[in-house]
Amino acid sequence: MILNSVKEAKGELVFTSFLFALSIVVLVDTINLTESNVVGFVGPKVFPFAIGIALFVLTGLQIISVLRGERGTPEGVEGGQQVDKPVWRPFIQVLVAVIAYAALIDFLGFLIMGPVLFFAVAHALGATKKLKLAFIAVILAVVVFLGFTQGLRLYLPLGFDFINQIDPSVEEDSGEETW
Amino acid sequence: MDFANFLAGFSASLTWTNLGFGLLGTLLGTLVGVLPGIGPALAISLLLPVTLVVEPTAALIMFAAIYYGTMFGGSTTSILLNAPGESGSVMTTLEGNKMARNGRAGAALATAALGSFVAGAIATGIVAVAAPTIAWIGIRMTPADFFALMVLAFGAVGSIMGQSLKRGLIALFIGLAIGLIGLDLQSGSQRLTFEIPRLTDGIETVVLIVSLFALGEVLYVALYGRLGGVQRNSFTGFATMTKSDWKRSWKPWLRGTAIGFPTGVLPAGGSELPTFLSYSLEKKLAKKKHDEFGKGAIEGVAGPEAANNANAAGAMVPLLALGIPTSATAAVLLVAFQQFNISAGPLLFTDQPLLVWTLIASLFIGNLLLLVINWPLAGVWAQLLRIPAPYLYAGIITFALVGAYVINSANFDIWIAIIIGTIGLLFRRFGYPITPLILGVILGPMAEQEFRRALQGAAGDPAVLISTPFTIIVYVLLFLVITVPRLYSWLKKTGKIK
C-alpha cells in the first residue's frame, strides 16, 4: 500500500513537473520574441510574460504541495467504474488505433480507417461480439461519410490517391457548386 | 424588454428551417444528455463544423436547443442508471435512483421533466428581460471594465472548479498559454509557434475542445475505467405524478430556478455548483416535514433538475449581452458566434436584433418541445441506455476525429488532437478541472485585446485598470469569491462557527 502511494506520487510529480516545464517554455519563448513593429503601449510580450510568471509560481507551489503529500483525486467514469491501477492493454490499443488513424487517413480514406478506428476502440474497451461490432462499424462509417460529404458538403478523404492519381478536390467536384 | 423585436423574433423563429433545426437540437440534446460520457460542450463542439455550411440563426438555435436538451436528458440516466448522464445530473442520481428502485421511476422522470420545463420557461423569460438591459449597460462599459469582468470570470471559475485553488488556476493559465499560440494580430509577432507554419493561426478551438472532452475522456476511460456493471432500473410506459408528488415538487422547482439562474449568470463554471446547492437546500428543508432523503425523496430530484435548466438559461445572459461565457458550454457557444464572424456582446442587440431575438424566442419554443419529447417519451429514451458503453465511446472518438479533420481538411489537426487529448487524460487523472482551461483559451485573447485597448486609451498608465467604480466593485467581488469560501471552511475547521 505504501509502495503504491509512492508510485502514485511519482506519477503526479512527473506531471506537475511537466506543467512547470511548460511555464519555462512560455517564458523562454517570450524572452526570445522579437518585437518587430510595436504599435501602441502594450507590446506582444506583456501578456505571455505575465502568464509565464504566474504559471511558474503556481506550478512551483504545486510541486511543493505534491511533495508534502497532496494528491489529486481522479475523476469518475461515466457508465462504469474508475479504477486506481492503470489498465495498460486497452489504453495502448486505443492509442495505437488513434495514431494509426492519424497516420493513414489520407492514404486509406475514411471508409477504411473509420470502421477500423471504431472497431479497435470498442473492442479495446470490452465489446466482445466481433461480427456484430464489425457490421456496426462499417454502417456507422458509411453513414458518417455520406452525412458529412453529401449532407454537409465537408471534405472527408476517400483515400487511395496513389492508385488513380486524381486530385481529391476534383473528385469532390459533384458537391462543390454550393461553396 | 423590447416587445416589437421580441414578436419579430417569434415570427422569424417559426420558419420551417428554424423550427427544424430547433427540433433537431432538442432531439440531439436529449440524446446527448441521456448518453453517459458525452456532455453539452462536447456535443456542440462536435457539431461546430456545421457552422461552415448552415446559416447562423438556424445553427445557433440548434446549439442552444442542445444546451437546454442536455439538461433535460441528463435526468433520465441519473434516475434509471445509478450514473449521471452528465455532470449537472450528479445530484439527481442520489435520490432519483433510489426512487426508481422503489418503483417510483415514473414520478422521478416526470418531476425532472416538468421541473426542467418550469425552470427553463421562467429563466428564459428573465433572459428576455435582463439581457437587453445588461447589453445597454455593456455598451457604456470601458475596455477596463470588460477586462475586469474577464478577470472575474477567470478567477471565479479557476477557484470554484477543481479540488484546490492552485489546481484550478494552473488549469486556467495552461489555457491562457495555449490561447497565446499563433500570430499576435496587433504586432505580427509569432508567439509559441516554434516555427511550425501550421501553428501560426493558433490551435483550432474545435480541435482543442474535441480533444480535451472526447479524446481525453476515451483515453482516460481506457486507462482507468472498467466499463459495465452498472445496475439498470427498468422503466416502461408513461411517467406520471400523484397529487402529493405535485404538491411536493412545485416549491423545489421554484427554489431550484432561483438558485440556478443567478449561478448561471455569474461565472460559476457550469451546473455542478447550483445543483449541489439546490440539493443541500431541499435536504435541509425536508428535515422539518416528511424526510425521505436517502430513501428516494422527490424534492431531491425536483430541485436540482430545475436548477440545472435555469443555470443553462442564466448563462445566456452574460453570453449574449456581454460576450462573456461563464461555463465550458457557453464558451463553445461563443466560438460558434465567432465562426460566423458575429461578435456576441453588447452590440449584438443593436447590430443583429433579429438574430438574437429569434434565438431567444427559439429558446421558449425549444423548451416546450423538450417537455413534449421528454415527458411522454421518457420510456423511449430509456431504451437508449441499452447501448453498451464500449460502442458509445468508440462512436464518440470516431465523431471527434472526424470533427477535428473537417475543420481544415488536415490530418495535422488530428496529431494536435492526440497531444491535447493526452493532456486531457492527465488532467482527469490528477484532478485538474478542464473548464478553466477551455475558458482560458477562448477568453484569453479577448482579455488581452481589452487590456491593450484600456492602456491605449490611457497612454499606457496602468491605473486605468481600476479607474471606474465598476472595475473596483468587480475586483472586490473577485476577492470575496476567492476568500469567503476558504475563510468559511477554515472557521468551520477551527470550530469558530458550528
# chains A, B, ... in the order shown; residues from 1 in each chain; ligands from 1

$ select_by_dssp --residues "region 219-444 of chain B" --states "helix (DSSP H, G or I)" --output "JSON, numbers by chain"
{"B": [219, 220, 221, 222, 223, 224, 243, 244, 245, 246, 247, 248, 249, 250, 251, 252, 253, 254, 255, 256, 257, 258, 259, 260, 261, 262, 263, 264, 265, 272, 273, 274, 275, 276, 277, 278, 279, 280, 281, 282, 283, 284, 285, 286, 299, 300, 301, 302, 303, 304, 305, 306, 307, 308, 309, 310, 311, 312, 313, 314, 315, 316, 317, 318, 319, 320, 321, 322, 328, 329, 330, 331, 332, 333, 334, 335, 336, 337, 338, 339, 348, 349, 350, 351, 353, 354, 355, 356, 357, 358, 359, 360, 361, 362, 363, 364, 365, 366, 367, 368, 369, 370, 371, 372, 373, 374, 378, 379, 380, 381, 382, 383, 384, 385, 386, 389, 390, 391, 392, 393, 394, 395, 396, 397, 398, 399, 400, 401, 402, 403, 404, 405, 406, 412, 413, 414, 415, 416, 417, 418, 419, 420, 421, 422, 423, 424, 425, 426, 427, 428, 429, 435, 436, 437, 438, 439, 440, 441, 442, 443, 444]}

$ closest_atom_pairs --of "chain B" --to "chain A" --cutoff "6 Å" --atoms "only C-alpha atoms" --output "Markdown table"
| residue | atom | partner | partner_atom | distance |
| --- | --- | --- | --- | --- |
| B:Pro36 | CA | A:Glu78 | CA | 5.5 |
| B:Gly37 | CA | A:Glu78 | CA | 5.4 |
| B:Ser187 | CA | A:Val38 | CA | 5.6 |
| B:Ala222 | CA | A:Phe91 | CA | 4.8 |
| B:Leu223 | CA | A:Phe91 | CA | 4.9 |
| B:Tyr224 | CA | A:Pro86 | CA | 5.2 |
| B:Gly225 | CA | A:Gln82 | CA | 4.6 |
| B:Arg226 | CA | A:Gln81 | CA | 5.2 |
| B:Leu227 | CA | A:Gly80 | CA | 4.1 |
| B:Gly228 | CA | A:Gly80 | CA | 5.1 |
| B:Pro390 | CA | A:Ala122 | CA | 4.6 |
| B:Tyr391 | CA | A:Ala122 | CA | 5.3 |
| B:Ala394 | CA | A:Phe118 | CA | 5.0 |
| B:Ile414 | CA | A:Ala102 | CA | 5.8 |
| B:Arg428 | CA | A:Glu75 | CA | 5.4 |
| B:Arg429 | CA | A:Pro74 | CA | 4.5 |
| B:Phe430 | CA | A:Gly72 | CA | 4.6 |
| B:Gly431 | CA | A:Gly72 | CA | 4.5 |
| B:Arg452 | CA | A:Val42 | CA | 5.8 |
| B:Gln456 | CA | A:Phe41 | CA | 6.0 |
| B:Gly460 | CA | A:Phe41 | CA | 5.4 |

$ residues_around --residues "region 467-484 of chain B" --least-positions-apart "6" --cutoff "6 Å" --atoms "only C-alpha atoms" --output "PDB file with N, CA, C and O atoms, in the first residue's frame"
ATOM      1  N   ASP B 145     -13.383  48.029 -17.904  1.00  0.00           N
ATOM      2  CA  ASP B 145     -14.492  47.324 -17.270  1.00  0.00           C
ATOM      3  C   ASP B 145     -14.583  45.891 -17.792  1.00  0.00           C
ATOM      4  O   ASP B 145     -14.742  44.941 -17.030  1.00  0.00           O
ATOM      5  N   ALA B 148     -11.869  43.783 -16.459  1.00  0.00           N
ATOM      6  CA  ALA B 148     -12.146  43.394 -15.070  1.00  0.00           C
ATOM      7  C   ALA B 148     -13.124  42.221 -15.029  1.00  0.00           C
ATOM      8  O   ALA B 148     -12.943  41.269 -14.269  1.00  0.00           O
ATOM      9  N   LEU B 152     -12.582  38.528 -13.541  1.00  0.00           N
ATOM     10  CA  LEU B 152     -13.519  37.926 -12.586  1.00  0.00           C
ATOM     11  C   LEU B 152     -13.918  36.524 -13.047  1.00  0.00           C
ATOM     12  O   LEU B 152     -13.927  35.575 -12.257  1.00  0.00           O
TER      13      LEU B 152
END

$ atom_distance --atom1 "CA of Met99 (chain B)" --atom2 "CA of Gly296 (chain B)"
4.3 Å

$ residues_around --residues "region 127-138 of chain B" --least-positions-apart "6" --cutoff "10 Å" --atoms "only C-alpha atoms" --output "PyMOL selection string"
chain B and resi 1-3+6+121+145-146+261+265+313-323+345-350+356-357+360-361+363

$ write_last_selection --atoms "N, CA and C atoms" --output "compact mmCIF listing (two decimals), in the first residue's frame"
# COMPACT_ATOMS: atom_id res chain seq x y z
N MET B 1 -38.09 44.87 -21.64
CA MET B 1 -37.98 44.00 -22.83
C MET B 1 -38.50 44.74 -24.06
N ASP B 2 -37.81 44.51 -25.13
CA ASP B 2 -38.16 45.15 -26.40
C ASP B 2 -39.24 44.32 -27.08
N PHE B 3 -40.49 44.74 -26.93
CA PHE B 3 -41.58 43.85 -27.31
C PHE B 3 -41.72 43.65 -28.81
N PHE B 6 -39.15 41.34 -29.94
CA PHE B 6 -39.43 40.00 -29.43
C PHE B 6 -40.44 39.31 -30.34
N ALA B 121 -38.67 27.83 -18.67
CA ALA B 121 -39.60 28.87 -19.10
C ALA B 121 -39.39 30.16 -18.31
N ASP B 145 -13.38 48.03 -17.90
CA ASP B 145 -14.49 47.32 -17.27
C ASP B 145 -14.58 45.89 -17.79
N PHE B 146 -14.47 45.77 -19.12
CA PHE B 146 -14.55 44.43 -19.71
C PHE B 146 -13.40 43.55 -19.23
N PHE B 261 -30.52 30.17 -11.75
CA PHE B 261 -30.37 31.30 -12.67
C PHE B 261 -29.19 32.21 -12.33
N VAL B 265 -25.66 33.15 -14.44
CA VAL B 265 -25.24 34.49 -14.87
C VAL B 265 -23.81 34.76 -14.40
N ALA B 313 -29.99 28.54 -18.83
CA ALA B 313 -30.60 29.77 -19.34
C ALA B 313 -29.86 30.99 -18.82
N GLY B 314 -29.49 30.95 -17.54
CA GLY B 314 -28.79 32.08 -16.94
C GLY B 314 -27.48 32.39 -17.67
N ALA B 315 -26.79 31.34 -18.13
CA ALA B 315 -25.52 31.52 -18.83
C ALA B 315 -25.71 32.31 -20.12
N MET B 316 -26.94 32.32 -20.66
CA MET B 316 -27.22 33.04 -21.90
C MET B 316 -27.10 34.55 -21.70
N VAL B 317 -27.37 35.03 -20.47
CA VAL B 317 -27.37 36.48 -20.24
C VAL B 317 -25.99 37.09 -20.47
N PRO B 318 -24.95 36.68 -19.72
CA PRO B 318 -23.64 37.29 -19.99
C PRO B 318 -23.10 36.94 -21.39
N LEU B 319 -23.49 35.77 -21.90
CA LEU B 319 -23.00 35.38 -23.22
C LEU B 319 -23.55 36.32 -24.30
N LEU B 320 -24.87 36.52 -24.30
CA LEU B 320 -25.48 37.35 -25.34
C LEU B 320 -25.23 38.83 -25.09
N ALA B 321 -25.31 39.24 -23.81
CA ALA B 321 -25.27 40.68 -23.53
C ALA B 321 -23.85 41.23 -23.44
N LEU B 322 -22.90 40.41 -22.98
CA LEU B 322 -21.55 40.92 -22.79
C LEU B 322 -20.51 40.15 -23.60
N GLY B 323 -20.91 39.01 -24.13
CA GLY B 323 -19.94 38.19 -24.86
C GLY B 323 -18.98 37.47 -23.94
N GLY B 345 -22.10 40.04 -27.58
CA GLY B 345 -21.74 41.14 -26.71
C GLY B 345 -22.74 42.27 -26.85
N PRO B 346 -22.44 43.40 -26.22
CA PRO B 346 -23.43 44.48 -26.15
C PRO B 346 -23.96 44.93 -27.51
N LEU B 347 -23.12 44.86 -28.53
CA LEU B 347 -23.57 45.37 -29.82
C LEU B 347 -24.50 44.39 -30.54
N LEU B 348 -24.57 43.16 -30.02
CA LEU B 348 -25.38 42.14 -30.67
C LEU B 348 -26.84 42.57 -30.78
N PHE B 349 -27.34 43.22 -29.72
CA PHE B 349 -28.76 43.58 -29.71
C PHE B 349 -29.07 44.72 -30.66
N THR B 350 -28.07 45.54 -30.98
CA THR B 350 -28.32 46.62 -31.93
C THR B 350 -27.93 46.23 -33.35
N VAL B 356 -30.72 37.75 -32.57
CA VAL B 356 -30.71 37.49 -31.14
C VAL B 356 -32.13 37.25 -30.61
N TRP B 357 -33.10 37.98 -31.15
CA TRP B 357 -34.48 37.77 -30.67
C TRP B 357 -35.06 36.47 -31.21
N ILE B 360 -33.73 33.94 -28.84
CA ILE B 360 -34.42 33.92 -27.54
C ILE B 360 -35.82 33.29 -27.69
N ALA B 361 -36.52 33.68 -28.76
CA ALA B 361 -37.85 33.08 -28.99
C ALA B 361 -37.73 31.58 -29.17
N LEU B 363 -35.62 29.69 -27.81
CA LEU B 363 -35.39 29.04 -26.52
C LEU B 363 -36.73 28.67 -25.88

$ closest_residue --among "B:Leu208, B:Val335, B:Leu192, B:Met141" --to "Leu48 (chain B)" --atoms "only C-alpha atoms"
B:Val335

$ residues_around --residues "Glu95 (chain B)" --least-positions-apart "2" --cutoff "9 Å" --atoms "only C-alpha atoms" --output "PyMOL selection string"
chain B and resi 79+91-93+97-100+108+293-301

$ write_last_selection --atoms "all heavy atoms" --output "short mmCIF file (atom, residue, chain, number, x, y, z; two decimals), in the first residue's frame"
data_model
loop_
_atom_site.label_atom_id
_atom_site.label_comp_id
_atom_site.auth_asym_id
_atom_site.auth_seq_id
_atom_site.Cartn_x
_atom_site.Cartn_y
_atom_site.Cartn_z
N ILE B 79 -31.66 8.73 -13.16
CA ILE B 79 -32.73 8.03 -12.46
C ILE B 79 -32.69 6.53 -12.78
O ILE B 79 -32.85 5.70 -11.89
CB ILE B 79 -34.09 8.66 -12.83
CG1 ILE B 79 -34.18 10.07 -12.23
CG2 ILE B 79 -35.25 7.80 -12.34
CD1 ILE B 79 -35.24 10.95 -12.84
N MET B 91 -26.30 15.24 -8.82
CA MET B 91 -27.13 15.33 -7.62
C MET B 91 -28.46 14.60 -7.78
O MET B 91 -29.00 14.04 -6.84
CB MET B 91 -27.37 16.81 -7.28
CG MET B 91 -26.15 17.48 -6.73
SD MET B 91 -25.68 16.74 -5.16
CE MET B 91 -23.90 16.80 -5.28
N THR B 92 -28.98 14.62 -9.01
CA THR B 92 -30.24 13.93 -9.28
C THR B 92 -30.10 12.43 -9.02
O THR B 92 -31.05 11.76 -8.62
CB THR B 92 -30.65 14.16 -10.75
OG1 THR B 92 -30.51 15.54 -11.03
CG2 THR B 92 -32.07 13.73 -11.00
N THR B 93 -28.91 11.93 -9.26
CA THR B 93 -28.67 10.49 -9.10
C THR B 93 -28.97 10.03 -7.68
O THR B 93 -29.54 8.96 -7.48
CB THR B 93 -27.20 10.18 -9.44
OG1 THR B 93 -26.88 10.80 -10.68
CG2 THR B 93 -26.96 8.70 -9.55
N ASN B 97 -32.25 7.77 -8.31
CA ASN B 97 -32.03 6.34 -8.48
C ASN B 97 -32.71 5.53 -7.38
O ASN B 97 -33.22 4.44 -7.61
CB ASN B 97 -30.53 6.07 -8.53
CG ASN B 97 -30.24 4.64 -8.92
OD1 ASN B 97 -30.74 4.17 -9.93
ND2 ASN B 97 -29.47 3.95 -8.11
N LYS B 98 -32.74 6.10 -6.18
CA LYS B 98 -33.42 5.38 -5.09
C LYS B 98 -34.92 5.34 -5.33
O LYS B 98 -35.58 4.33 -5.05
CB LYS B 98 -33.13 6.07 -3.76
CG LYS B 98 -31.67 5.97 -3.39
CD LYS B 98 -31.45 5.89 -1.90
CE LYS B 98 -29.97 5.72 -1.60
NZ LYS B 98 -29.17 6.94 -1.91
N MET B 99 -35.47 6.44 -5.85
CA MET B 99 -36.89 6.44 -6.20
C MET B 99 -37.20 5.34 -7.22
O MET B 99 -38.19 4.62 -7.09
CB MET B 99 -37.30 7.79 -6.80
CG MET B 99 -37.50 8.89 -5.78
SD MET B 99 -37.99 10.44 -6.57
CE MET B 99 -39.71 10.13 -6.94
N ALA B 100 -36.31 5.23 -8.22
CA ALA B 100 -36.53 4.23 -9.26
C ALA B 100 -36.49 2.82 -8.68
O ALA B 100 -37.28 1.96 -9.04
CB ALA B 100 -35.48 4.38 -10.35
N ALA B 108 -40.25 10.20 -10.66
CA ALA B 108 -38.97 10.90 -10.71
C ALA B 108 -38.75 11.50 -12.09
O ALA B 108 -38.35 12.67 -12.22
CB ALA B 108 -37.83 9.94 -10.37
N PHE B 293 -35.20 11.81 2.46
CA PHE B 293 -33.88 11.89 1.84
C PHE B 293 -33.04 10.68 2.23
O PHE B 293 -32.99 10.29 3.39
CB PHE B 293 -33.18 13.20 2.22
CG PHE B 293 -33.50 14.30 1.26
CD1 PHE B 293 -34.68 15.02 1.38
CD2 PHE B 293 -32.64 14.60 0.21
CE1 PHE B 293 -34.99 16.01 0.47
CE2 PHE B 293 -32.94 15.60 -0.70
CZ PHE B 293 -34.12 16.31 -0.57
N GLY B 294 -32.40 10.08 1.23
CA GLY B 294 -31.67 8.85 1.45
C GLY B 294 -32.50 7.64 1.08
O GLY B 294 -31.98 6.56 0.88
N LYS B 295 -33.83 7.84 0.98
CA LYS B 295 -34.69 6.71 0.62
C LYS B 295 -35.42 6.98 -0.70
O LYS B 295 -36.25 6.21 -1.12
CB LYS B 295 -35.72 6.47 1.74
CG LYS B 295 -35.10 5.82 2.98
CD LYS B 295 -36.06 5.77 4.14
CE LYS B 295 -36.09 7.10 4.88
NZ LYS B 295 -37.01 7.17 6.01
N GLY B 296 -35.16 8.12 -1.30
CA GLY B 296 -35.82 8.45 -2.56
C GLY B 296 -36.80 9.60 -2.40
O GLY B 296 -38.01 9.43 -2.52
N ALA B 297 -36.30 10.79 -2.09
CA ALA B 297 -37.16 11.95 -1.90
C ALA B 297 -37.35 12.68 -3.22
O ALA B 297 -36.36 13.00 -3.91
CB ALA B 297 -36.56 12.89 -0.87
N ILE B 298 -38.60 12.95 -3.56
CA ILE B 298 -38.88 13.60 -4.85
C ILE B 298 -38.32 15.02 -4.89
O ILE B 298 -37.93 15.52 -5.94
CB ILE B 298 -40.40 13.57 -5.15
CG1 ILE B 298 -40.65 13.88 -6.63
CG2 ILE B 298 -41.17 14.51 -4.25
CD1 ILE B 298 -42.04 13.51 -7.11
N GLU B 299 -38.23 15.65 -3.71
CA GLU B 299 -37.68 17.02 -3.67
C GLU B 299 -36.23 17.03 -4.18
O GLU B 299 -35.79 18.00 -4.80
CB GLU B 299 -37.70 17.58 -2.24
CG GLU B 299 -39.09 17.85 -1.69
CD GLU B 299 -39.67 16.64 -0.96
OE1 GLU B 299 -39.09 15.53 -1.09
OE2 GLU B 299 -40.69 16.81 -0.26
N GLY B 300 -35.50 15.96 -3.89
CA GLY B 300 -34.10 15.88 -4.27
C GLY B 300 -33.89 15.71 -5.77
O GLY B 300 -32.78 15.83 -6.27
N VAL B 301 -34.98 15.39 -6.49
CA VAL B 301 -34.91 15.34 -7.95
C VAL B 301 -35.44 16.65 -8.53
O VAL B 301 -34.84 17.24 -9.43
CB VAL B 301 -35.74 14.15 -8.49
CG1 VAL B 301 -35.74 14.15 -10.01
CG2 VAL B 301 -35.19 12.84 -7.97
#

$ residues_around --residues "Gly96 (chain B)" --least-positions-apart "5" --cutoff "12 Å" --atoms "only C-alpha atoms" --output "ChimeraX atom specification"
/B:74-84,89-91,101-112,233,279,292-305

$ residues_around --residues "Arg255 (chain B)" --least-positions-apart "6" --cutoff "9 Å" --atoms "only C-alpha atoms" --output "CSV table (one decimal) with all heavy atoms, in the first residue's frame"
chain,number,residue,atom,x,y,z
B,278,SER,N,-28.9,23.4,-4.6
B,278,SER,CA,-30.3,23.1,-4.5
B,278,SER,C,-30.6,21.8,-3.8
B,278,SER,O,-31.5,21.8,-2.9
B,278,SER,CB,-30.8,23.0,-6.0
B,278,SER,OG,-32.1,22.4,-6.0
B,281,LEU,N,-30.1,22.4,-0.1
B,281,LEU,CA,-31.2,23.2,0.5
B,281,LEU,C,-32.5,22.4,0.7
B,281,LEU,O,-33.1,22.4,1.7
B,281,LEU,CB,-31.5,24.4,-0.5
B,281,LEU,CG,-32.7,25.3,-0.1
B,281,LEU,CD1,-32.4,26.1,1.1
B,281,LEU,CD2,-33.1,26.2,-1.2
B,282,GLU,N,-32.8,21.6,-0.3
B,282,GLU,CA,-34.0,20.7,-0.2
B,282,GLU,C,-33.9,19.7,0.9
B,282,GLU,O,-34.8,19.4,1.7
B,282,GLU,CB,-34.3,20.0,-1.5
B,282,GLU,CG,-34.6,20.9,-2.7
B,282,GLU,CD,-35.8,21.9,-2.4
B,282,GLU,OE1,-36.7,21.5,-1.6
B,282,GLU,OE2,-35.8,23.0,-3.0
B,303,GLY,N,-35.7,19.7,-7.3
B,303,GLY,CA,-34.8,20.9,-7.1
B,303,GLY,C,-33.6,21.0,-8.1
B,303,GLY,O,-33.6,21.9,-8.9
B,306,ALA,N,-34.5,21.4,-11.8
B,306,ALA,CA,-34.9,22.8,-12.1
B,306,ALA,C,-33.6,23.7,-12.2
B,306,ALA,O,-33.5,24.5,-13.0
B,306,ALA,CB,-35.9,23.3,-11.2
B,307,ALA,N,-32.8,23.5,-11.2
B,307,ALA,CA,-31.6,24.3,-11.1
B,307,ALA,C,-30.7,24.2,-12.3
B,307,ALA,O,-30.2,25.2,-12.8
B,307,ALA,CB,-30.8,23.9,-9.8

$ closest_residue --among "B:Ala312, B:Asn374, B:Leu47, B:Arg167" --to "Val66 (chain A)" --atoms "only C-alpha atoms"
B:Arg167

$ atom_distance --atom1 "CA of Pro40 (chain B)" --atom2 "CA of Ile160 (chain B)"
19.8 Å
